[in-house]
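Structure record follows, encoded as structure tokens.
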Amino acid sequence: MAFPLPRGITASEIAFLAEMETVTIVPRQRLEGLELLGGPVEALVPPRRASLPLWLALLLKRQRRANIIPPTWLHPEPLSLILEFESQHQDYKNAFSPPPPLPGQPSILEPDVIPSARPQYTPDGNRYYAAPPFLPQNTAQTVTTSRDPLSLPFHWVEVGNMLLEAASDDLVDPDQIRRLLKDLREVRMAKMRSGVDVLDAAATGGGGVSLTGVGSMELGEERGFITGVVDGLRRIGSSKEQARREQMAEQRANGGYDGTQDDEEEDYMEF
Amino acid sequence: MDIDDILASVDRGPGASPDSTALDHQLLTRFWVAERAVSEVLPWPAPLMERIMDRVRIQIETIEDLAASSETTLPTTANTHNPNLNLRLSILQTDLARTQYIVRSLLRARLAKITKYSMHYLVLLASRNKNPLASQTQSTASSQNPNQQPEDSVPDISTLTDLAPLSEPESSFLHAHQTLLAGHYAGSFMGAFPRQLRRLDDNAGGTSMIQGPELREVVFVRCLGAEVPVVVGGADEDGDETGVTMQMGDVWVVRWEGIKKAWGRGEVELL
């Protein structure tokens, strides 16, 4: 067997990805800048703050060479606000709270702004849009300039747990944070389960189910179940889909395509 | 691609600037996650992997040099000039191990898919580079060959130049693997079959014996472009027929065939 793992990254691989998130630290000792394969690391000069990948920050923290400044969202107040939003807000009864916007994406407070994705270019000339874990979603912001509502980053479960485990003395009221994280997870898990009804939409060609705001670990937990259910539904509906496709091809051949056949694909639902 | 894209792609030389190190690392990570998430083998990113492997090689040399210098300076009193040497070494080694882990996991995931669908990829490679005359003589010869063996159904791909989606070592592995497997089948049970039943790519009765990856399986994607429509049907259709439209920052459960082209353009990310 070349590779025994199932399709889709596993929980430990998700944690590995989360360790690439950038966090803010206060170094306790000097260290010259390093050229790593994951990109250069700035020189550490106490007491100046520095941004490092989480794995490196944890390595330094475990050796008592640095203190980690908790991410803006990993404090009791923002977490309880998000929890309240997740559990009380009418519009988000069946949906996750909105994720932090990507670069160029307007915040939900300005729905009229047109999103403008700003790609970088790879050395091969392709477009590249940055996404978690390579966005500064877990750094500590000194000034809260953004008017964006508080939001949970993509790797919130993993980053939260890793910091609670390795750097609980750097967090504000770690017990309260642990409790809030647990509550958040339960509220969101219930939403994930209640959304199973709409999975049928993902089983049709061109259709899909929106999971916007989901966390990486939550996705990893449900991946096997969702793909299993959707693939089962697809097999059951495959003959129907085939018939519908043939019918549409026939209509197109006759010149008249009235678009009513699209109804089934349009009824996506958020959960 | 407009003029800005072209200019930007020319701007980035082949040099190993720190910027491109970080970018390549992000590209590798994203490609690894994508390769783990889908059931087919994705196109081999040869330039990217070359750059990564070059950097890994250089990094190993750097680490060896550092380790050697620490050994030679230890007995003398001069090692106090760099008290951080061990820390730097352990950081560099951790970073190297993380990158090597991704590369290894990526290659093994590809090998697993190649061995699972070996006949599918062999036939795919051979059919795209088919010389109509040669295949005709081959098929007539094989149908009349009284000593038909399973090995005969393994297409010869040694002369091909277009190996996409595989890399060169992967394709030679694929051919060697399938030849061995066919020989084993012949020795263990297929040799006892009537000779018209000995082919591994038999498709008598309308059922093909070749198993390919299921492109209709659902995947989890994040939309990175401003808007990405999900295409109904696969690449074999005309592709102007679309279903739901994903907005920037959204996470969706959709069919892989529906967003495969958008993934190729870098507008969606597999999760």
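As shown in the structure tokens, the chain order sets the letters A, B, ...; within each chain, residues go from 1, and ligands are also counted from 1 in the order they appear.
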
Using only C-alpha atoms, which residues sit within 12 Å of Ala112 of chain B once same-chain residues fewer than 2 positions away are excluded, as a count of residues only? 28

Using only C-alpha atoms, what table do you get, as CSV, when you list each residue of segment 68-170 of chain A with an atom no more than 12 Å from segment 46-70 of chain B, its nearest pair of atoms, and their distance in Å rounded to one decimal, rows by chain then rising number?
```
residue,atom,partner,partner_atom,distance
A:Thr122,CA,B:Leu48,CA,9.3
A:Pro123,CA,B:Leu48,CA,8.4
A:Asp124,CA,B:Pro47,CA,7.5
A:Gly125,CA,B:Pro47,CA,11.2
A:Asn126,CA,B:Leu48,CA,11.5
```

Next, the residues of the selection above should be written as a PDB file, in the first residue's frame with C-alpha atoms.
```
ATOM      1  CA  THR A 122       3.310  32.819  -8.951  1.00  0.00           C
ATOM      2  CA  PRO A 123       6.738  32.433 -10.547  1.00  0.00           C
ATOM      3  CA  ASP A 124       4.980  30.364 -13.216  1.00  0.00           C
ATOM      4  CA  GLY A 125       2.723  33.292 -14.053  1.00  0.00           C
ATOM      5  CA  ASN A 126      -0.467  31.921 -12.572  1.00  0.00           C
TER       6      ASN A 126
END
```

Enumerate as a PyMOL selection string the residues belonging to chain A that approach chain B to within 8 Å, with only C-alpha atoms taken into account. chain A and resi 1-3+7-9+31+34-40+56+99+101-102+105+115-117+121-129+131+134+202-203+205-214+216+227+230-231+262+265-266+268

With C-alpha atoms retained, write the just-selected residues as a PDB file, in the first residue's frame.
```
ATOM      1  CA  MET A   1       0.000   0.000   0.000  1.00  0.00           C
ATOM      2  CA  ALA A   2       1.477   3.274  -1.068  1.00  0.00           C
ATOM      3  CA  PHE A   3      -0.770   5.349   1.114  1.00  0.00           C
ATOM      4  CA  ARG A   7      -9.360  10.909   0.815  1.00  0.00           C
ATOM      5  CA  GLY A   8      -9.319  14.356   2.405  1.00  0.00           C
ATOM      6  CA  ILE A   9      -6.861  15.504   5.016  1.00  0.00           C
ATOM      7  CA  LEU A  31      17.753  35.445  17.507  1.00  0.00           C
ATOM      8  CA  LEU A  34      16.417  32.724   9.449  1.00  0.00           C
ATOM      9  CA  GLU A  35      15.790  31.664   5.888  1.00  0.00           C
ATOM     10  CA  LEU A  36      13.298  28.841   6.256  1.00  0.00           C
ATOM     11  CA  LEU A  37      11.704  26.780   3.520  1.00  0.00           C
ATOM     12  CA  GLY A  38       8.383  28.256   4.568  1.00  0.00           C
ATOM     13  CA  GLY A  39       9.710  31.759   3.973  1.00  0.00           C
ATOM     14  CA  PRO A  40      12.053  34.071   5.853  1.00  0.00           C
ATOM     15  CA  LEU A  56       7.871  28.097  15.629  1.00  0.00           C
ATOM     16  CA  PRO A  99     -15.753  34.198   8.587  1.00  0.00           C
ATOM     17  CA  PRO A 101     -13.124  38.480   5.032  1.00  0.00           C
ATOM     18  CA  LEU A 102     -10.432  37.555   2.537  1.00  0.00           C
ATOM     19  CA  GLN A 105     -13.600  40.994   0.166  1.00  0.00           C
ATOM     20  CA  PRO A 115     -15.640  42.192  -4.079  1.00  0.00           C
ATOM     21  CA  SER A 116     -12.340  42.681  -5.837  1.00  0.00           C
ATOM     22  CA  ALA A 117      -9.992  39.769  -5.414  1.00  0.00           C
ATOM     23  CA  TYR A 121       1.397  36.039  -9.261  1.00  0.00           C
ATOM     24  CA  THR A 122       3.310  32.819  -8.951  1.00  0.00           C
ATOM     25  CA  PRO A 123       6.738  32.433 -10.547  1.00  0.00           C
ATOM     26  CA  ASP A 124       4.980  30.364 -13.216  1.00  0.00           C
ATOM     27  CA  GLY A 125       2.723  33.292 -14.053  1.00  0.00           C
ATOM     28  CA  ASN A 126      -0.467  31.921 -12.572  1.00  0.00           C
ATOM     29  CA  ARG A 127      -2.773  33.857 -10.328  1.00  0.00           C
ATOM     30  CA  TYR A 128      -2.589  33.132  -6.648  1.00  0.00           C
ATOM     31  CA  TYR A 129      -5.114  34.251  -4.081  1.00  0.00           C
ATOM     32  CA  ALA A 131      -6.181  32.106   1.928  1.00  0.00           C
ATOM     33  CA  PHE A 134      -1.523  32.130   5.172  1.00  0.00           C
ATOM     34  CA  ALA A 202     -25.006  18.874  -3.573  1.00  0.00           C
ATOM     35  CA  ALA A 203     -25.853  15.563  -5.213  1.00  0.00           C
ATOM     36  CA  GLY A 205     -24.788  18.390 -11.173  1.00  0.00           C
ATOM     37  CA  GLY A 206     -24.011  22.072 -10.809  1.00  0.00           C
ATOM     38  CA  GLY A 207     -25.644  22.226  -7.402  1.00  0.00           C
ATOM     39  CA  GLY A 208     -24.010  22.632  -4.053  1.00  0.00           C
ATOM     40  CA  VAL A 209     -24.445  23.233  -0.367  1.00  0.00           C
ATOM     41  CA  SER A 210     -22.970  26.283   1.278  1.00  0.00           C
ATOM     42  CA  LEU A 211     -20.989  25.855   4.476  1.00  0.00           C
ATOM     43  CA  THR A 212     -19.599  29.387   4.652  1.00  0.00           C
ATOM     44  CA  GLY A 213     -18.004  30.154   7.992  1.00  0.00           C
ATOM     45  CA  VAL A 214     -17.209  26.563   8.849  1.00  0.00           C
ATOM     46  CA  SER A 216     -11.283  23.538   9.277  1.00  0.00           C
ATOM     47  CA  THR A 227     -19.197  12.891   1.226  1.00  0.00           C
ATOM     48  CA  VAL A 230     -23.894  12.918  -0.972  1.00  0.00           C
ATOM     49  CA  ASP A 231     -22.269  10.128  -2.968  1.00  0.00           C
ATOM     50  CA  ASP A 262     -32.631  25.018 -13.813  1.00  0.00           C
ATOM     51  CA  GLU A 265     -30.037  23.464  -9.300  1.00  0.00           C
ATOM     52  CA  GLU A 266     -30.913  26.906  -8.047  1.00  0.00           C
ATOM     53  CA  TYR A 268     -29.269  25.958  -2.737  1.00  0.00           C
TER      54      TYR A 268
END
```

For atom CA of Asp156 of chain B and atom CA of His175 of chain B, the interatomic separation in Å (one decimal):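 Rounded to one decimal, the two atoms are 7.6 Å apart.
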
From a backbone DSSP assignment, name each residue in segment 57-251 of chain A labelled alpha helix (DSSP H), as a ChimeraX atom specification. /A:57-62,76-88,156-166,174-194,216-236,238-251

Could you save the residues just selected, with C-alpha atoms, as an mmCIF file, in the first residue's frame?
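Dumped to again_3.cif:
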```cif
data_model
loop_
_atom_site.group_PDB
_atom_site.id
_atom_site.type_symbol
_atom_site.label_atom_id
_atom_site.label_comp_id
_atom_site.auth_asym_id
_atom_site.auth_seq_id
_atom_site.Cartn_x
_atom_site.Cartn_y
_atom_site.Cartn_z
ATOM 1 C CA ALA A 57 6.127 30.196 18.256
ATOM 2 C CA LEU A 58 5.170 27.025 20.168
ATOM 3 C CA LEU A 59 8.735 25.702 19.883
ATOM 4 C CA LEU A 60 10.083 28.934 21.383
ATOM 5 C CA LYS A 61 7.316 29.030 23.981
ATOM 6 C CA ARG A 62 8.027 25.493 25.189
ATOM 7 C CA PRO A 76 -13.247 35.960 26.784
ATOM 8 C CA GLU A 77 -15.171 39.045 25.585
ATOM 9 C CA PRO A 78 -14.973 38.494 21.806
ATOM 10 C CA LEU A 79 -15.680 34.792 22.249
ATOM 11 C CA SER A 80 -18.777 35.408 24.352
ATOM 12 C CA LEU A 81 -19.969 37.988 21.813
ATOM 13 C CA ILE A 82 -19.521 35.474 18.986
ATOM 14 C CA LEU A 83 -21.241 32.782 21.048
ATOM 15 C CA GLU A 84 -24.178 35.079 21.663
ATOM 16 C CA PHE A 85 -24.306 35.915 17.959
ATOM 17 C CA GLU A 86 -24.155 32.236 16.965
ATOM 18 C CA SER A 87 -26.897 31.173 19.350
ATOM 19 C CA GLN A 88 -29.240 34.205 19.437
ATOM 20 C CA TRP A 156 -10.083 28.472 15.332
ATOM 21 C CA VAL A 157 -10.508 25.057 16.981
ATOM 22 C CA GLU A 158 -6.909 24.011 16.419
ATOM 23 C CA VAL A 159 -5.252 27.339 17.219
ATOM 24 C CA GLY A 160 -7.415 27.779 20.298
ATOM 25 C CA ASN A 161 -6.652 24.330 21.644
ATOM 26 C CA MET A 162 -2.938 24.493 20.883
ATOM 27 C CA LEU A 163 -2.589 27.843 22.630
ATOM 28 C CA LEU A 164 -4.638 26.627 25.598
ATOM 29 C CA GLU A 165 -2.408 23.618 25.888
ATOM 30 C CA ALA A 166 1.010 25.176 25.414
ATOM 31 C CA PRO A 174 -7.844 30.493 30.135
ATOM 32 C CA ASP A 175 -10.565 28.577 31.992
ATOM 33 C CA GLN A 176 -13.236 30.939 30.758
ATOM 34 C CA ILE A 177 -11.816 30.708 27.221
ATOM 35 C CA ARG A 178 -11.836 26.917 27.386
ATOM 36 C CA ARG A 179 -15.471 26.945 28.466
ATOM 37 C CA LEU A 180 -16.472 29.372 25.713
ATOM 38 C CA LEU A 181 -14.652 27.396 23.029
ATOM 39 C CA LYS A 182 -16.458 24.261 24.137
ATOM 40 C CA ASP A 183 -19.840 26.013 24.057
ATOM 41 C CA LEU A 184 -19.106 27.438 20.611
ATOM 42 C CA ARG A 185 -18.192 24.024 19.330
ATOM 43 C CA GLU A 186 -21.408 22.516 20.604
ATOM 44 C CA VAL A 187 -23.598 25.253 19.140
ATOM 45 C CA ARG A 188 -21.885 24.963 15.771
ATOM 46 C CA MET A 189 -21.898 21.189 15.767
ATOM 47 C CA ALA A 190 -25.675 21.232 16.266
ATOM 48 C CA LYS A 191 -25.974 23.540 13.229
ATOM 49 C CA MET A 192 -23.819 21.223 11.170
ATOM 50 C CA ARG A 193 -26.056 18.270 12.022
ATOM 51 C CA SER A 194 -29.315 20.119 11.424
ATOM 52 C CA SER A 216 -11.283 23.538 9.277
ATOM 53 C CA MET A 217 -11.524 20.966 12.045
ATOM 54 C CA GLU A 218 -15.328 20.981 11.929
ATOM 55 C CA LEU A 219 -15.102 20.307 8.226
ATOM 56 C CA GLY A 220 -12.639 17.478 8.808
ATOM 57 C CA GLU A 221 -14.978 15.853 11.312
ATOM 58 C CA GLU A 222 -17.947 15.917 8.990
ATOM 59 C CA ARG A 223 -16.097 15.228 5.749
ATOM 60 C CA GLY A 224 -16.545 11.470 5.781
ATOM 61 C CA PHE A 225 -20.220 11.718 6.666
ATOM 62 C CA ILE A 226 -21.096 14.425 4.130
ATOM 63 C CA THR A 227 -19.197 12.891 1.226
ATOM 64 C CA GLY A 228 -20.683 9.500 2.067
ATOM 65 C CA VAL A 229 -24.251 10.791 2.156
ATOM 66 C CA VAL A 230 -23.894 12.918 -0.972
ATOM 67 C CA ASP A 231 -22.269 10.128 -2.968
ATOM 68 C CA GLY A 232 -25.026 7.768 -1.884
ATOM 69 C CA LEU A 233 -27.672 10.267 -2.953
ATOM 70 C CA ARG A 234 -25.881 10.798 -6.247
ATOM 71 C CA ARG A 235 -25.909 7.083 -7.022
ATOM 72 C CA ILE A 236 -29.591 6.858 -6.196
ATOM 73 C CA SER A 238 -27.967 9.046 -11.241
ATOM 74 C CA SER A 239 -30.552 7.547 -13.591
ATOM 75 C CA LYS A 240 -32.849 10.516 -13.036
ATOM 76 C CA GLU A 241 -29.999 12.889 -13.720
ATOM 77 C CA GLN A 242 -29.080 11.050 -16.881
ATOM 78 C CA ALA A 243 -32.663 11.266 -18.137
ATOM 79 C CA ARG A 244 -32.846 14.961 -17.350
ATOM 80 C CA ARG A 245 -29.580 15.620 -19.135
ATOM 81 C CA GLU A 246 -30.788 13.829 -22.223
ATOM 82 C CA GLN A 247 -34.024 15.790 -22.134
ATOM 83 C CA MET A 248 -32.128 19.063 -21.929
ATOM 84 C CA ALA A 249 -29.828 18.082 -24.747
ATOM 85 C CA GLU A 250 -32.888 17.324 -26.827
ATOM 86 C CA GLN A 251 -34.407 20.702 -25.995
#
```

Show which residues sit within 8 Å of segment 67-70 of chain A, as a PDB file with N, CA and C atoms, in the first residue's frame. Count only C-alpha atoms, and ignore same-chain residues fewer than 3 positions away.
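Generated output (part_2.pdb):
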```
ATOM      1  N   VAL A  23       1.240  33.893  14.208  1.00  0.00           N
ATOM      2  CA  VAL A  23       0.854  34.474  15.493  1.00  0.00           C
ATOM      3  C   VAL A  23       1.883  35.531  15.892  1.00  0.00           C
ATOM      4  N   THR A  24       1.510  36.337  16.886  1.00  0.00           N
ATOM      5  CA  THR A  24       2.398  37.391  17.364  1.00  0.00           C
ATOM      6  C   THR A  24       3.058  36.936  18.654  1.00  0.00           C
ATOM      7  N   ILE A  25       4.362  37.171  18.779  1.00  0.00           N
ATOM      8  CA  ILE A  25       5.050  36.804  20.015  1.00  0.00           C
ATOM      9  C   ILE A  25       5.859  37.991  20.523  1.00  0.00           C
ATOM     10  N   VAL A  26       6.204  37.929  21.799  1.00  0.00           N
ATOM     11  CA  VAL A  26       7.213  38.830  22.357  1.00  0.00           C
ATOM     12  C   VAL A  26       8.408  37.959  22.719  1.00  0.00           C
ATOM     13  N   PRO A  27       9.508  38.084  22.003  1.00  0.00           N
ATOM     14  CA  PRO A  27      10.655  37.223  22.287  1.00  0.00           C
ATOM     15  C   PRO A  27      11.306  37.602  23.613  1.00  0.00           C
ATOM     16  N   ARG A  28      11.933  36.637  24.252  1.00  0.00           N
ATOM     17  CA  ARG A  28      12.666  36.926  25.484  1.00  0.00           C
ATOM     18  C   ARG A  28      14.163  36.941  25.228  1.00  0.00           C
ATOM     19  N   ALA A  57       6.478  29.502  17.020  1.00  0.00           N
ATOM     20  CA  ALA A  57       6.127  30.196  18.256  1.00  0.00           C
ATOM     21  C   ALA A  57       5.976  29.198  19.396  1.00  0.00           C
ATOM     22  N   LYS A  61       8.063  28.931  22.730  1.00  0.00           N
ATOM     23  CA  LYS A  61       7.316  29.030  23.981  1.00  0.00           C
ATOM     24  C   LYS A  61       7.658  27.870  24.914  1.00  0.00           C
ATOM     25  N   ARG A  64      10.653  28.375  26.760  1.00  0.00           N
ATOM     26  CA  ARG A  64      10.597  29.632  27.520  1.00  0.00           C
ATOM     27  C   ARG A  64      11.438  30.730  26.890  1.00  0.00           C
ATOM     28  N   LEU A  74      -9.140  35.490  20.564  1.00  0.00           N
ATOM     29  CA  LEU A  74      -9.023  34.499  21.639  1.00  0.00           C
ATOM     30  C   LEU A  74      -8.973  35.187  23.011  1.00  0.00           C
ATOM     31  N   HIS A  75     -10.022  35.940  23.312  1.00  0.00           N
ATOM     32  CA  HIS A  75     -10.194  36.570  24.616  1.00  0.00           C
ATOM     33  C   HIS A  75     -11.618  36.265  25.056  1.00  0.00           C
ATOM     34  N   ASN A 138      -4.701  35.302  12.962  1.00  0.00           N
ATOM     35  CA  ASN A 138      -4.488  34.945  14.359  1.00  0.00           C
ATOM     36  C   ASN A 138      -3.430  35.797  15.027  1.00  0.00           C
ATOM     37  N   THR A 139      -3.089  36.916  14.394  1.00  0.00           N
ATOM     38  CA  THR A 139      -2.133  37.819  15.012  1.00  0.00           C
ATOM     39  C   THR A 139      -2.873  38.716  15.996  1.00  0.00           C
ATOM     40  N   ALA A 140      -2.098  39.285  16.901  1.00  0.00           N
ATOM     41  CA  ALA A 140      -2.684  40.221  17.848  1.00  0.00           C
ATOM     42  C   ALA A 140      -2.597  41.608  17.251  1.00  0.00           C
ATOM     43  N   LEU A 163      -3.030  26.771  21.737  1.00  0.00           N
ATOM     44  CA  LEU A 163      -2.589  27.843  22.630  1.00  0.00           C
ATOM     45  C   LEU A 163      -3.021  27.560  24.058  1.00  0.00           C
ATOM     46  N   ALA A 167       0.297  27.437  25.911  1.00  0.00           N
ATOM     47  CA  ALA A 167       0.573  28.813  26.333  1.00  0.00           C
ATOM     48  C   ALA A 167      -0.567  29.361  27.171  1.00  0.00           C
ATOM     49  N   ASP A 170      -0.220  32.639  28.954  1.00  0.00           N
ATOM     50  CA  ASP A 170      -0.227  33.886  28.185  1.00  0.00           C
ATOM     51  C   ASP A 170      -1.640  34.371  27.887  1.00  0.00           C
ATOM     52  N   LEU A 171      -2.629  33.508  28.116  1.00  0.00           N
ATOM     53  CA  LEU A 171      -3.999  33.874  27.773  1.00  0.00           C
ATOM     54  C   LEU A 171      -4.659  34.586  28.950  1.00  0.00           C
TER      55      LEU A 171
END
```

List every residue of segment 40-263 of chain B that DSSP, applied to the backbone of this structure, assigns to strand (DSSP E or B), and report them as a VMD selection string. chain B and resid 218 to 223 227 to 231 242 to 247 251 to 255

Between B:Asp152, B:Glu71, B:Glu214, B:Asp162, single out the one closest to Asp202 of chain B, counting only C-alpha atoms.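 Nearest to Asp202 of chain B: B:Asp152.
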
Leu122 of chain B: which residues within 8 Å, counting only C-alpha atoms, same-chain residues fewer than 2 positions away excluded, as a list of chain:residue names?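 Those residues are B:Ser118, B:Met119, B:His120, B:Leu124, B:Leu125, B:Ala126, B:Val154, B:Pro155, B:Ile157, B:Leu174, B:His175.
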